[in-house]
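Chemist: Below is one structure. I have some questions about it.
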Amino acid sequence: MAEAANRCFEREVYQFLRAWVLSHEDTILLQFEQTLDAYLANDALRDFFINTEYPIVMLLKNRFIACHLGRRVGSVYFDPISGDPLLAHTEQRIYNLARRMDSEQMHVPFRSIHPNKQTDAGDTADINTYPIESEEIRYNSGNHFTSRPANDNVFDENSKRCTAKSEGNLHVLFKHGFLEDRLQDVKELTATMHEAGAVQLQFFVIYSRHSLKEGHFGTSLVIMDPANPDFPRRVMVCDTLLKQLPQHPRWWNHFISEYSNVFGDAIVEIIEDLSHPLQKVNIKGDDPYRHDWDCPYYAASMADALAELVKNNPELTLNGSVSEVHDAMKEIMPDYYQLDLAIKDRPAIQQVNRLKRWKSGRELIKDLVVEISRKSSYEL
């Protein structure tokens, strides 16, 4: 099914480019002595990107192309070894050229490869052509070597979903920046509520990178009493590297440092560890393609779970034991835990993340299509 869909896509893009070439013969740069068919196969797409102000927008205005790029995950085949999606040849070129030329900042997460790994036409280059001493580029699987804009796209997607849960005395803080920034927000917001006469406990779910020094993602639940905005009532932190409670993840000192910088050294006495061993799928010594960039998805899942607990069982988050809260989170994290609360096996977690990575790209493409449609309606 995936191969058949890819063949149809190739034919549609061929017709799209053929029509574009015939109407832009005065701007063609790379046809040289090639036949039209050879030019369409080799260089037309790159010329289209060079000569079109908004190439992705133009491509997505074609309904068939937009539907294929934004297809559901059930229509995609994933390589069982690398986990990479089976993309049509021209489809891979579109993602690669969009990233290399920074087209509309459309870095589709986990579908393009690093510019230094591309040929001029946007294909995957032979490994022997990579820059000398480029070990990071050379040995990271292409679709797993994400760009900063692509990471931002994933962040924005998770942010929209998680912050939608904010209501009443539940505040989901999901912003660019670091943990210390968000903790300062918590302190200031609580002080403002105190001045406004608030007396109800406030629950803050934080999703953030730890610090400028350590960019790993983590999640926290901070419970504040407006009567005492300078010190939390309870603090529980979630990382993704814990093997088994009550051990601490190796990023523990960064949690402690950021909290101490805002609330003072006494905060160490009340911080509790809710970490989940979700990164157990990454084992030291694995082949590089196993080391997927899935931490943002893990952290978002934990943030979702904490927000749901606050909404549905605030008494548990306030007075329940760490173990009780930990198990309650597992019940509402079915992506990663079985019904008996045992963590899913490694292949199952990898498959979940594989699907999430595809859906992140689909969300970005859907948003672009919606924006194109909105602007078109105004123009018409």
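Starting from 1 in every chain, residues are counted up; chains themselves are A, B, ... following the order of the structure tokens, and ligands are numbered from 1 as listed.
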What lies within 12 Å of Ala266 (chain A) using only C-alpha atoms, ignoring chain neighbours under 5 positions off, as a VMD selection string?
Modeler: chain A and resid 230 to 232 256 to 257 259 to 261 271
Chemist: Mind dumping the selected residues with C-alpha atoms as an mmCIF file, in the first residue's frame?
Modeler:
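The resulting part_35.cif:
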data_model
loop_
_atom_site.group_PDB
_atom_site.id
_atom_site.type_symbol
_atom_site.label_atom_id
_atom_site.label_comp_id
_atom_site.auth_asym_id
_atom_site.auth_seq_id
_atom_site.Cartn_x
_atom_site.Cartn_y
_atom_site.Cartn_z
ATOM 1 C CA ASP A 230 7.967 32.125 48.482
ATOM 2 C CA PHE A 231 7.974 28.376 49.124
ATOM 3 C CA PRO A 232 6.010 25.459 47.600
ATOM 4 C CA ILE A 256 18.077 20.475 42.695
ATOM 5 C CA SER A 257 20.213 23.372 41.453
ATOM 6 C CA TYR A 259 14.934 24.763 42.392
ATOM 7 C CA SER A 260 17.475 26.005 44.947
ATOM 8 C CA ASN A 261 18.233 29.074 42.832
ATOM 9 C CA ILE A 271 11.580 17.595 46.373
#
Chemist: Please give the complete set of residues from region 83-217 of chain A that DSSP, run on the backbone, assigns to helix (DSSP H, G or I), formatted as a count of residues only.
Modeler: 62
Chemist: Could you pull out all residues of region 225-329 of chain A with a DSSP call of strand (DSSP E or B) and give them as a PyMOL selection string?
Modeler: chain A and resi 234-238+271-273
Chemist: Output C-alpha atoms for every residue in the selection just made, as a compact mmCIF listing (two decimals), in the first residue's frame.
Modeler:
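Just written: selection-v4.txt:
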# COMPACT_ATOMS: atom_id res chain seq x y z
CA ARG A 234 4.82 20.21 47.51
CA VAL A 235 7.25 19.54 44.63
CA MET A 236 7.45 16.39 42.50
CA VAL A 237 9.84 16.13 39.55
CA CYS A 238 9.82 13.72 36.62
CA ILE A 271 11.58 17.59 46.37
CA GLU A 272 10.21 14.14 45.52
CA ASP A 273 11.17 11.97 42.55
Chemist: Which residue is closest to Arg250 (chain A)? Choose from A:Pro277, A:Thr163, A:Val154, A:Asp84 and count only C-alpha atoms.
Modeler: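 Of A:Pro277, A:Thr163, A:Val154, A:Asp84, the one nearest Arg250 (chain A) is A:Pro277, counting only C-alpha atoms.
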Chemist: Which residues of region 203-226 of chain A come within 10 Å of region 298-305 of chain A, and what is each one's closest atom pair and distance in Å (one decimal), counting only C-alpha atoms, sorted by chain and residue number, as a tab-separated table?
Modeler:
residue	atom	partner	partner_atom	distance
A:Val205	CA	A:Ala303	CA	6.5
A:Ile206	CA	A:Ala303	CA	7.1
A:Tyr207	CA	A:Ala303	CA	6.5
A:Ser208	CA	A:Ala299	CA	8.5
A:Arg209	CA	A:Ala299	CA	9.7
A:His216	CA	A:Ala299	CA	9.8
A:Phe217	CA	A:Ala299	CA	6.4
A:Gly218	CA	A:Ala299	CA	5.6
A:Thr219	CA	A:Ala299	CA	6.0
A:Ser220	CA	A:Ala303	CA	7.7
A:Leu221	CA	A:Ala303	CA	8.5
Chemist: Within 9 Å of Arg182 (chain A), counting only C-alpha atoms, which residues qualify if same-chain residues fewer than 4 places away don't, as a PyMOL selection string?
Modeler: chain A and resi 173-175+177-178+186-187+206-208
Chemist: Which polymer residues have any atom within 10 Å of an atom of region 360-363 of chain A, counting only C-alpha atoms, with same-chain residues fewer than 4 positions away left out, as a list in words?
Modeler: Cys67, His68, Leu69, Gly70, Arg71, Arg72, Val73, Met106, His107, Val108, Pro109, Phe110, Arg111, Ala150, Asn153, Val154, Phe155, Asp156, Glu157, Asn158, Leu355, Lys356, Asp367, Leu368 and Val369 of chain A
Chemist: Find the residue from A:Ile223, A:Ala44, A:Ala19, A:Ile270 that sits nearest to Gln31 (chain A); use only C-alpha atoms when measuring.
Modeler: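 The answer is A:Ala44, which sits nearest to Gln31 (chain A).
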Chemist: Report, in Å with one decimal, the straight-line distance from CA of Ser23 (chain A) to CA of Leu60 (chain A).
Modeler: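 Result for CA of Ser23 (chain A) versus CA of Leu60 (chain A): 18.7 Å, one decimal.
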Chemist: Distance CA of Arg7 (chain A)-CA of His89 (chain A), one decimal place?
Modeler: 9.2 Å
Chemist: Just how far from CA of Asp327 (chain A) is CA of Asp345 (chain A), in Å to one decimal?
Modeler: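 Computed distance, CA of Asp345 (chain A) to CA of Asp327 (chain A), equals 17.5 Å.
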Chemist: Which is closest to Asp102 (chain A) among A:Asp123, A:Glu53, A:Glu371, A:Glu33, if we use only C-alpha atoms?
Modeler: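 Answer, going by the shortest atom-to-atom distance: A:Glu53.
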Chemist: Taking 6 positions as the minimum chain separation for residues in the same chain, which residues sit within 9 Å of Phe203 (chain A) when counting only C-alpha atoms? Answer as a PyMOL selection string.
Modeler: chain A and resi 169-172+221-224+307+310+314
Chemist: I want to know what sits within 9 Å of region 93-99 of chain A, based on only C-alpha atoms, with residues of the same chain fewer than 2 positions away left out; could you give that as a ChimeraX atom specification?
Modeler: /A:45-46,49,55-56,88-91,101-108,111-115,118,120-124,147
Chemist: Could you write those residues out with C-alpha atoms, as a PDB file, in the first residue's frame?
Modeler:
ATOM      1  CA  LEU A  45      12.509  20.183  -8.266  1.00  0.00           C
ATOM      2  CA  ARG A  46      15.638  22.046  -7.143  1.00  0.00           C
ATOM      3  CA  PHE A  49      12.639  25.658  -5.049  1.00  0.00           C
ATOM      4  CA  PRO A  55       7.706  26.552  -2.875  1.00  0.00           C
ATOM      5  CA  ILE A  56       6.107  24.529  -0.086  1.00  0.00           C
ATOM      6  CA  ALA A  88       8.737   8.387  -2.211  1.00  0.00           C
ATOM      7  CA  HIS A  89      11.991   9.457  -3.875  1.00  0.00           C
ATOM      8  CA  THR A  90      10.686  12.929  -4.713  1.00  0.00           C
ATOM      9  CA  GLU A  91       9.034  13.235  -1.311  1.00  0.00           C
ATOM     10  CA  MET A 101      16.852  26.243   1.747  1.00  0.00           C
ATOM     11  CA  ASP A 102      14.975  27.017   4.982  1.00  0.00           C
ATOM     12  CA  SER A 103      11.742  27.267   3.016  1.00  0.00           C
ATOM     13  CA  GLU A 104       9.041  28.858   5.209  1.00  0.00           C
ATOM     14  CA  GLN A 105      10.950  27.372   8.157  1.00  0.00           C
ATOM     15  CA  MET A 106       9.354  24.076   7.146  1.00  0.00           C
ATOM     16  CA  HIS A 107      11.691  21.617   8.771  1.00  0.00           C
ATOM     17  CA  VAL A 108       9.379  18.620   8.957  1.00  0.00           C
ATOM     18  CA  ARG A 111      11.739  13.391   7.609  1.00  0.00           C
ATOM     19  CA  SER A 112      14.743  15.358   6.308  1.00  0.00           C
ATOM     20  CA  ILE A 113      18.468  14.725   6.522  1.00  0.00           C
ATOM     21  CA  HIS A 114      21.293  17.081   7.453  1.00  0.00           C
ATOM     22  CA  PRO A 115      22.230  19.410   4.541  1.00  0.00           C
ATOM     23  CA  GLN A 118      22.489  15.713   0.746  1.00  0.00           C
ATOM     24  CA  ASP A 120      22.682  19.022  -4.838  1.00  0.00           C
ATOM     25  CA  ALA A 121      19.392  17.553  -6.025  1.00  0.00           C
ATOM     26  CA  GLY A 122      18.292  16.759  -2.456  1.00  0.00           C
ATOM     27  CA  ASP A 123      19.030  13.028  -2.413  1.00  0.00           C
ATOM     28  CA  THR A 124      20.925  11.197   0.332  1.00  0.00           C
ATOM     29  CA  SER A 147      17.254  20.478  13.177  1.00  0.00           C
TER      30      SER A 147
END
Chemist: Residues near Phe9 (chain A), anyone? I mean within 7 Å using only C-alpha atoms, not counting same-chain ones fewer than 3 positions away, as a list in words.
Modeler: Ala5, Asn6, Glu12, Val13, Ile65 and His68 of chain A
Chemist: Considering only C-alpha atoms, can you say which of A:His194, A:Lys165, A:His210, A:His254 comes closest to Asp225 (chain A)?
Modeler: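 Looking at the shortest contact to Asp225 (chain A), the residue is A:His194.
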